[in-house]
$ cat work-v5.cif   # mmCIF, C-alpha atoms
data_structure
#
loop_
_atom_site.group_PDB
_atom_site.id
_atom_site.type_symbol
_atom_site.label_atom_id
_atom_site.label_comp_id
_atom_site.auth_asym_id
_atom_site.auth_seq_id
_atom_site.Cartn_x
_atom_site.Cartn_y
_atom_site.Cartn_z
ATOM 1 C CA MET U 15 0.000 0.000 0.000
ATOM 2 C CA PRO U 16 1.517 3.382 -0.935
ATOM 3 C CA PRO U 17 2.229 5.774 1.931
ATOM 4 C CA SER U 18 -0.445 8.369 2.653
ATOM 5 C CA SER U 19 0.311 12.076 2.451
ATOM 6 C CA ILE U 20 0.312 12.234 6.268
ATOM 7 C CA ASP U 21 2.894 9.416 6.373
ATOM 8 C CA VAL U 22 5.085 11.317 3.914
ATOM 9 C CA THR U 23 4.733 14.502 5.975
ATOM 10 C CA LYS U 24 5.583 12.638 9.181
ATOM 11 C CA ALA U 25 8.635 11.076 7.557
ATOM 12 C CA GLU U 26 9.930 14.525 6.567
ATOM 13 C CA ILE U 27 9.258 15.935 10.061
ATOM 14 C CA ARG U 28 11.038 12.903 11.534
ATOM 15 C CA ARG U 29 14.105 13.455 9.324
ATOM 16 C CA GLU U 30 14.304 17.134 10.260
ATOM 17 C CA ALA U 31 13.763 16.558 13.987
ATOM 18 C CA LEU U 32 16.321 13.753 14.118
ATOM 19 C CA ALA U 33 18.838 15.926 12.287
ATOM 20 C CA ARG U 34 18.378 18.632 14.937
ATOM 21 C CA ARG U 35 18.723 16.025 17.680
ATOM 22 C CA ASP U 36 21.811 14.479 16.084
ATOM 23 C CA ALA U 37 23.419 17.936 15.820
ATOM 24 C CA LEU U 38 23.375 18.413 19.596
ATOM 25 C CA ALA U 39 26.800 18.013 21.152
ATOM 26 C CA ALA U 40 27.297 15.017 23.443
ATOM 27 C CA GLY U 41 27.854 17.337 26.405
ATOM 28 C CA ALA U 42 24.598 19.162 25.724
ATOM 29 C CA ARG U 43 22.722 15.833 25.491
ATOM 30 C CA SER U 44 24.174 14.696 28.813
ATOM 31 C CA ALA U 45 23.401 18.025 30.496
ATOM 32 C CA ALA U 46 19.813 17.843 29.209
ATOM 33 C CA ALA U 47 19.270 14.365 30.664
ATOM 34 C CA HIS U 48 20.549 15.538 34.051
ATOM 35 C CA ALA U 49 18.457 18.731 33.900
ATOM 36 C CA VAL U 50 15.285 16.662 33.431
ATOM 37 C CA ALA U 51 16.215 14.446 36.382
ATOM 38 C CA SER U 52 17.093 17.403 38.621
ATOM 39 C CA ARG U 53 13.487 18.636 38.671
ATOM 40 C CA PRO U 54 10.742 17.044 40.772
ATOM 41 C CA PHE U 55 8.804 14.488 38.725
ATOM 42 C CA PRO U 56 5.486 16.143 37.783
ATOM 43 C CA ILE U 57 3.230 13.340 39.012
ATOM 44 C CA ARG U 58 3.209 11.439 42.270
ATOM 45 C CA VAL U 59 5.180 8.210 42.242
ATOM 46 C CA ALA U 60 4.079 6.028 45.140
ATOM 47 C CA PRO U 61 6.353 3.188 46.261
ATOM 48 C CA GLY U 62 5.779 0.211 43.984
ATOM 49 C CA THR U 63 4.651 2.283 40.990
ATOM 50 C CA ILE U 64 5.732 0.469 37.819
ATOM 51 C CA VAL U 65 7.604 2.795 35.469
ATOM 52 C CA ALA U 66 8.511 1.767 31.926
ATOM 53 C CA GLY U 67 11.720 3.332 30.720
ATOM 54 C CA PHE U 68 13.602 2.679 27.520
ATOM 55 C CA SER U 69 17.147 1.879 26.542
ATOM 56 C CA PRO U 70 18.396 4.891 24.544
ATOM 57 C CA MET U 71 19.509 4.457 20.948
ATOM 58 C CA ARG U 72 21.627 6.745 18.820
ATOM 59 C CA SER U 73 21.237 10.374 19.947
ATOM 60 C CA GLU U 74 18.103 9.897 22.086
ATOM 61 C CA ILE U 75 18.030 11.693 25.412
ATOM 62 C CA ASN U 76 19.273 9.292 28.070
ATOM 63 C CA PRO U 77 16.433 8.360 30.448
ATOM 64 C CA CYS U 78 18.746 6.768 33.034
ATOM 65 C CA PRO U 79 19.191 9.836 35.291
ATOM 66 C CA LEU U 80 15.400 10.244 35.410
ATOM 67 C CA LEU U 81 14.848 6.519 35.978
ATOM 68 C CA ARG U 82 17.357 6.569 38.854
ATOM 69 C CA GLN U 83 15.435 9.483 40.391
ATOM 70 C CA LEU U 84 12.182 7.509 40.111
ATOM 71 C CA VAL U 85 13.760 4.407 41.664
ATOM 72 C CA GLY U 86 14.788 6.670 44.550
ATOM 73 C CA LEU U 87 11.090 7.490 45.006
ATOM 74 C CA GLY U 88 10.271 3.766 45.214
ATOM 75 C CA ALA U 89 9.388 3.016 41.588
ATOM 76 C CA CYS U 90 9.964 -0.427 40.072
ATOM 77 C CA LEU U 91 11.373 -0.390 36.541
ATOM 78 C CA VAL U 92 10.398 -2.263 33.411
ATOM 79 C CA LEU U 93 11.779 -1.969 29.888
ATOM 80 C CA PRO U 94 9.947 -2.620 26.611
ATOM 81 C CA VAL U 95 10.351 -5.725 24.515
ATOM 82 C CA VAL U 96 9.627 -5.578 20.783
ATOM 83 C CA VAL U 97 7.736 -8.585 19.418
ATOM 84 C CA GLY U 98 7.664 -7.415 15.804
ATOM 85 C CA ARG U 99 6.054 -4.940 13.447
ATOM 86 C CA GLY U 100 2.308 -4.567 13.968
ATOM 87 C CA HIS U 101 2.428 -5.741 17.602
ATOM 88 C CA ALA U 102 2.233 -3.776 20.837
ATOM 89 C CA LEU U 103 5.264 -3.792 23.094
ATOM 90 C CA PHE U 104 5.283 -5.795 26.287
ATOM 91 C CA PHE U 105 7.401 -5.068 29.340
ATOM 92 C CA ARG U 106 9.816 -7.030 31.500
ATOM 93 C CA ALA U 107 11.099 -6.133 34.947
ATOM 94 C CA TRP U 108 14.601 -4.711 35.108
ATOM 95 C CA THR U 109 16.873 -3.087 37.670
ATOM 96 C CA PHE U 110 20.053 -1.112 37.174
ATOM 97 C CA GLY U 111 23.036 -3.447 36.910
ATOM 98 C CA GLU U 112 21.130 -6.363 35.415
ATOM 99 C CA PRO U 113 22.322 -7.480 31.975
ATOM 100 C CA LEU U 114 20.369 -6.602 28.858
ATOM 101 C CA GLY U 115 20.020 -8.635 25.694
ATOM 102 C CA SER U 116 19.760 -7.479 22.102
ATOM 103 C CA GLY U 117 16.246 -7.249 20.685
ATOM 104 C CA VAL U 118 14.610 -6.358 17.401
ATOM 105 C CA TRP U 119 16.298 -3.370 15.677
ATOM 106 C CA GLY U 120 19.235 -3.754 18.074
ATOM 107 C CA THR U 121 17.298 -2.404 21.053
ATOM 108 C CA ARG U 122 18.582 -3.368 24.494
ATOM 109 C CA GLU U 123 15.957 -5.230 26.500
ATOM 110 C CA PRO U 124 15.657 -7.426 29.615
ATOM 111 C CA LEU U 125 16.511 -11.069 29.270
ATOM 112 C CA PRO U 126 13.699 -13.577 28.584
ATOM 113 C CA ASP U 127 13.709 -14.905 32.164
ATOM 114 C CA SER U 128 12.677 -11.480 33.533
ATOM 115 C CA PRO U 129 8.984 -11.404 34.520
ATOM 116 C CA GLU U 130 6.441 -9.563 32.377
ATOM 117 C CA VAL U 131 4.893 -6.594 34.196
ATOM 118 C CA GLU U 132 2.374 -3.956 33.052
ATOM 119 C CA PRO U 133 3.501 -0.366 33.730
ATOM 120 C CA ASP U 134 1.595 2.473 35.376
ATOM 121 C CA ILE U 135 3.772 5.196 33.824
ATOM 122 C CA LEU U 136 5.481 5.018 30.435
ATOM 123 C CA ILE U 137 8.545 7.133 29.679
ATOM 124 C CA VAL U 138 8.298 7.377 25.897
ATOM 125 C CA PRO U 139 11.051 8.133 23.353
ATOM 126 C CA LEU U 140 10.208 10.172 20.280
ATOM 127 C CA SER U 141 11.467 11.947 17.193
ATOM 128 C CA ALA U 142 9.247 15.042 17.375
ATOM 129 C CA PHE U 143 6.428 16.360 19.554
ATOM 130 C CA ASP U 144 4.023 19.262 19.936
ATOM 131 C CA ARG U 145 2.355 20.888 22.941
ATOM 132 C CA THR U 146 -0.889 18.971 22.509
ATOM 133 C CA GLY U 147 0.879 15.677 23.252
ATOM 134 C CA HIS U 148 1.094 14.381 19.712
ATOM 135 C CA ARG U 149 4.380 12.723 18.870
ATOM 136 C CA ILE U 150 6.193 11.228 15.966
ATOM 137 C CA GLY U 151 8.143 8.096 16.770
ATOM 138 C CA TYR U 152 10.225 6.101 14.343
ATOM 139 C CA GLY U 153 7.394 5.019 12.075
ATOM 140 C CA ALA U 154 6.470 1.515 13.246
ATOM 141 C CA GLY U 155 3.648 2.569 15.594
ATOM 142 C CA TYR U 156 4.827 0.473 18.553
ATOM 143 C CA TYR U 157 3.987 3.050 21.202
ATOM 144 C CA ASP U 158 0.620 3.928 19.644
ATOM 145 C CA LEU U 159 -0.371 0.250 19.701
ATOM 146 C CA THR U 160 0.993 -0.164 23.214
ATOM 147 C CA LEU U 161 -0.699 2.912 24.652
ATOM 148 C CA ALA U 162 -4.021 1.938 23.067
ATOM 149 C CA ARG U 163 -3.754 -1.568 24.549
ATOM 150 C CA LEU U 164 -2.791 -0.356 28.022
ATOM 151 C CA ARG U 165 -5.338 2.477 28.117
ATOM 152 C CA ALA U 166 -8.109 0.012 27.260
ATOM 153 C CA ALA U 167 -7.217 -1.941 30.411
ATOM 154 C CA LYS U 168 -6.176 0.646 32.991
ATOM 155 C CA THR U 169 -5.289 4.250 33.705
ATOM 156 C CA ILE U 170 -1.726 5.001 32.716
ATOM 157 C CA ILE U 171 0.349 8.138 32.219
ATOM 158 C CA ALA U 172 2.474 8.541 29.072
ATOM 159 C CA VAL U 173 5.429 10.894 29.504
ATOM 160 C CA GLY U 174 7.473 11.887 26.463
ATOM 161 C CA LEU U 175 11.173 12.507 27.046
ATOM 162 C CA ALA U 176 12.912 14.757 24.549
ATOM 163 C CA PHE U 177 15.231 17.642 23.864
ATOM 164 C CA SER U 178 13.524 20.983 23.342
ATOM 165 C CA ALA U 179 15.014 20.991 19.819
ATOM 166 C CA GLN U 180 12.579 18.200 18.914
ATOM 167 C CA GLU U 181 9.489 20.363 19.459
ATOM 168 C CA ILE U 182 7.487 21.437 16.411
ATOM 169 C CA ALA U 183 4.394 23.620 16.108
ATOM 170 C CA ALA U 184 1.950 20.836 15.208
ATOM 171 C CA VAL U 185 2.318 17.108 14.612
ATOM 172 C CA PRO U 186 -0.079 15.810 11.951
ATOM 173 C CA SER U 187 -2.178 13.095 13.548
ATOM 174 C CA THR U 188 -4.642 10.352 12.738
ATOM 175 C CA PRO U 189 -7.243 8.635 14.960
ATOM 176 C CA ARG U 190 -4.798 5.790 15.675
ATOM 177 C CA ASP U 191 -2.171 8.169 17.120
ATOM 178 C CA GLU U 192 -2.084 8.115 20.924
ATOM 179 C CA ARG U 193 -1.308 11.360 22.739
ATOM 180 C CA LEU U 194 1.205 11.891 25.517
ATOM 181 C CA ASP U 195 0.037 13.262 28.859
ATOM 182 C CA LEU U 196 3.268 15.148 29.546
ATOM 183 C CA VAL U 197 6.528 15.953 27.801
ATOM 184 C CA LEU U 198 9.735 16.542 29.735
ATOM 185 C CA THR U 199 12.559 18.525 28.132
ATOM 186 C CA GLU U 200 15.710 20.047 29.566
ATOM 187 C CA HIS U 201 13.868 23.372 29.882
ATOM 188 C CA GLU U 202 10.369 22.543 31.063
ATOM 189 C CA VAL U 203 7.523 20.208 31.890
ATOM 190 C CA ILE U 204 4.784 20.445 29.258
ATOM 191 C CA ASP U 205 1.408 19.276 30.532
ATOM 192 C CA CYS U 206 -0.625 18.152 27.508
ATOM 193 C CA ARG U 207 -3.638 16.823 29.398
ATOM 194 C CA GLY U 208 -5.706 19.987 28.941
ATOM 195 C CA ALA U 209 -4.712 20.538 25.311
#
$ encode --input "work-v5.cif" --output "structure tokens"
Amino acid sequence: MPPSSIDVTKAEIRREALARRDALAAGARSAAAHAVASRPFPIRVAPGTIVAGFSPMRSEINPCPLLRQLVGLGACLVLPVVVGRGHALFFRAWTFGEPLGSGVWGTREPLPDSPEVEPDILIVPLSAFDRTGHRIGYGAGYYDLTLARLRAAKTIIAVGLAFSAQEIAAVPSTPRDERLDLVLTEHEVIDCRGA
């Protein structure tokens, strides 16, 4: 099936946003990750809250400082596991220091003997975002499928993690695109829930 005009537009936005992200110096990327973690997390994290992080790839903002902060508040961590294109992600328990295996697309994920756990909060990677909570990922729709599945079963909070350079005025969206509740950048917390 040929790509739709919205898919073509998203692909161009993705290329431009990733180019801006890739252009950030390593020191600036590291400082941004620590700036996000230095602020209070914008929602309450009770002990035992299950937080899904991600293992950063390429020039993505590193979620580890934030995840360490959340563990300090009593959160339990999980990381996503990719089954394959067209399938929602599932999550396995993980703690800092435990080994990670190589998954689909070279992602780092918990080993198969780690238990599957459903998260309460998802820290979501992205290519581009806007202030209404729409995001552009990498084009496979994993997080849209995952958020739709989880939201059908329980209340969850989706928190985008990005550099401010990845913000755009408006992300083109379709009914299958799931919105973020919040976006955290090195400069601010953007609450998208009222948008």
$ resolve_selection --input "work-v5.cif" --expression "the PyMOL selection byres ((chain U and resi 198) around 7)" --output "number ranges by chain"
U: 50, 174-176, 196-197, 199-200, 202-204
$ resolve_selection --input "work-v5.cif" --expression "the PyMOL selection byres ((chain U and resi 100-115) around 7)" --output "PDB file with C-alpha atoms, keeping the file's coordinate frame"
ATOM      1  CA  LEU U  91      11.373  -0.390  36.541  1.00  0.00           C
ATOM      2  CA  VAL U  92      10.398  -2.263  33.411  1.00  0.00           C
ATOM      3  CA  LEU U  93      11.779  -1.969  29.888  1.00  0.00           C
ATOM      4  CA  PRO U  94       9.947  -2.620  26.611  1.00  0.00           C
ATOM      5  CA  VAL U  95      10.351  -5.725  24.515  1.00  0.00           C
ATOM      6  CA  VAL U  96       9.627  -5.578  20.783  1.00  0.00           C
ATOM      7  CA  VAL U  97       7.736  -8.585  19.418  1.00  0.00           C
ATOM      8  CA  GLY U  98       7.664  -7.415  15.804  1.00  0.00           C
ATOM      9  CA  ARG U  99       6.054  -4.940  13.447  1.00  0.00           C
ATOM     10  CA  SER U 116      19.760  -7.479  22.102  1.00  0.00           C
ATOM     11  CA  GLY U 117      16.246  -7.249  20.685  1.00  0.00           C
ATOM     12  CA  ARG U 122      18.582  -3.368  24.494  1.00  0.00           C
ATOM     13  CA  GLU U 123      15.957  -5.230  26.500  1.00  0.00           C
ATOM     14  CA  PRO U 124      15.657  -7.426  29.615  1.00  0.00           C
ATOM     15  CA  LEU U 125      16.511 -11.069  29.270  1.00  0.00           C
ATOM     16  CA  SER U 128      12.677 -11.480  33.533  1.00  0.00           C
ATOM     17  CA  PRO U 129       8.984 -11.404  34.520  1.00  0.00           C
ATOM     18  CA  GLU U 130       6.441  -9.563  32.377  1.00  0.00           C
ATOM     19  CA  VAL U 131       4.893  -6.594  34.196  1.00  0.00           C
ATOM     20  CA  GLU U 132       2.374  -3.956  33.052  1.00  0.00           C
ATOM     21  CA  TYR U 156       4.827   0.473  18.553  1.00  0.00           C
ATOM     22  CA  LEU U 159      -0.371   0.250  19.701  1.00  0.00           C
ATOM     23  CA  THR U 160       0.993  -0.164  23.214  1.00  0.00           C
TER      24      THR U 160
END
$ closest_residue --input "work-v5.cif" --among "U:Arg53, U:Arg145, U:Arg72, U:Arg29" --to "Cys206 of chain U" --atoms "only C-alpha atoms"
U:Arg145
$ closest_residue --input "work-v5.cif" --among "U:Leu80, U:Val173, U:Ile20, U:Leu32" --to "Ala47 of chain U" --atoms "all atoms listed in the file"
U:Leu80
$ axis_aligned_box --input "work-v5.cif" --around "segment 115-130 of chain U" --padding-each-side "3 Å" --output "lines of an AutoDock Vina configuration file"
center_x = 13.2
center_y = -8.7
center_z = 25.1
size_x = 19.6
size_y = 18.5
size_z = 24.8
$ closest_residue --input "work-v5.cif" --among "U:Ala166, U:Gly153, U:Asp36, U:Ala179" --to "Val22 of chain U" --atoms "only C-alpha atoms"
U:Gly153
$ residues_around --input "work-v5.cif" --residues "Asn76 of chain U" --least-positions-apart "3" --cutoff "10 Å" --atoms "only C-alpha atoms" --output "JSON, numbers by chain"
{"U": [43, 44, 45, 46, 47, 48, 50, 67, 68, 69, 70, 71, 72, 73, 79, 80, 81, 139, 175, 176]}
$ write_last_selection --input "work-v5.cif" --atoms "C-alpha atoms" --output "CSV table (one decimal), in the coordinates of the input"
chain,number,residue,atom,x,y,z
U,43,ARG,CA,22.7,15.8,25.5
U,44,SER,CA,24.2,14.7,28.8
U,45,ALA,CA,23.4,18.0,30.5
U,46,ALA,CA,19.8,17.8,29.2
U,47,ALA,CA,19.3,14.4,30.7
U,48,HIS,CA,20.5,15.5,34.1
U,50,VAL,CA,15.3,16.7,33.4
U,67,GLY,CA,11.7,3.3,30.7
U,68,PHE,CA,13.6,2.7,27.5
U,69,SER,CA,17.1,1.9,26.5
U,70,PRO,CA,18.4,4.9,24.5
U,71,MET,CA,19.5,4.5,20.9
U,72,ARG,CA,21.6,6.7,18.8
U,73,SER,CA,21.2,10.4,19.9
U,79,PRO,CA,19.2,9.8,35.3
U,80,LEU,CA,15.4,10.2,35.4
U,81,LEU,CA,14.8,6.5,36.0
U,139,PRO,CA,11.1,8.1,23.4
U,175,LEU,CA,11.2,12.5,27.0
U,176,ALA,CA,12.9,14.8,24.5
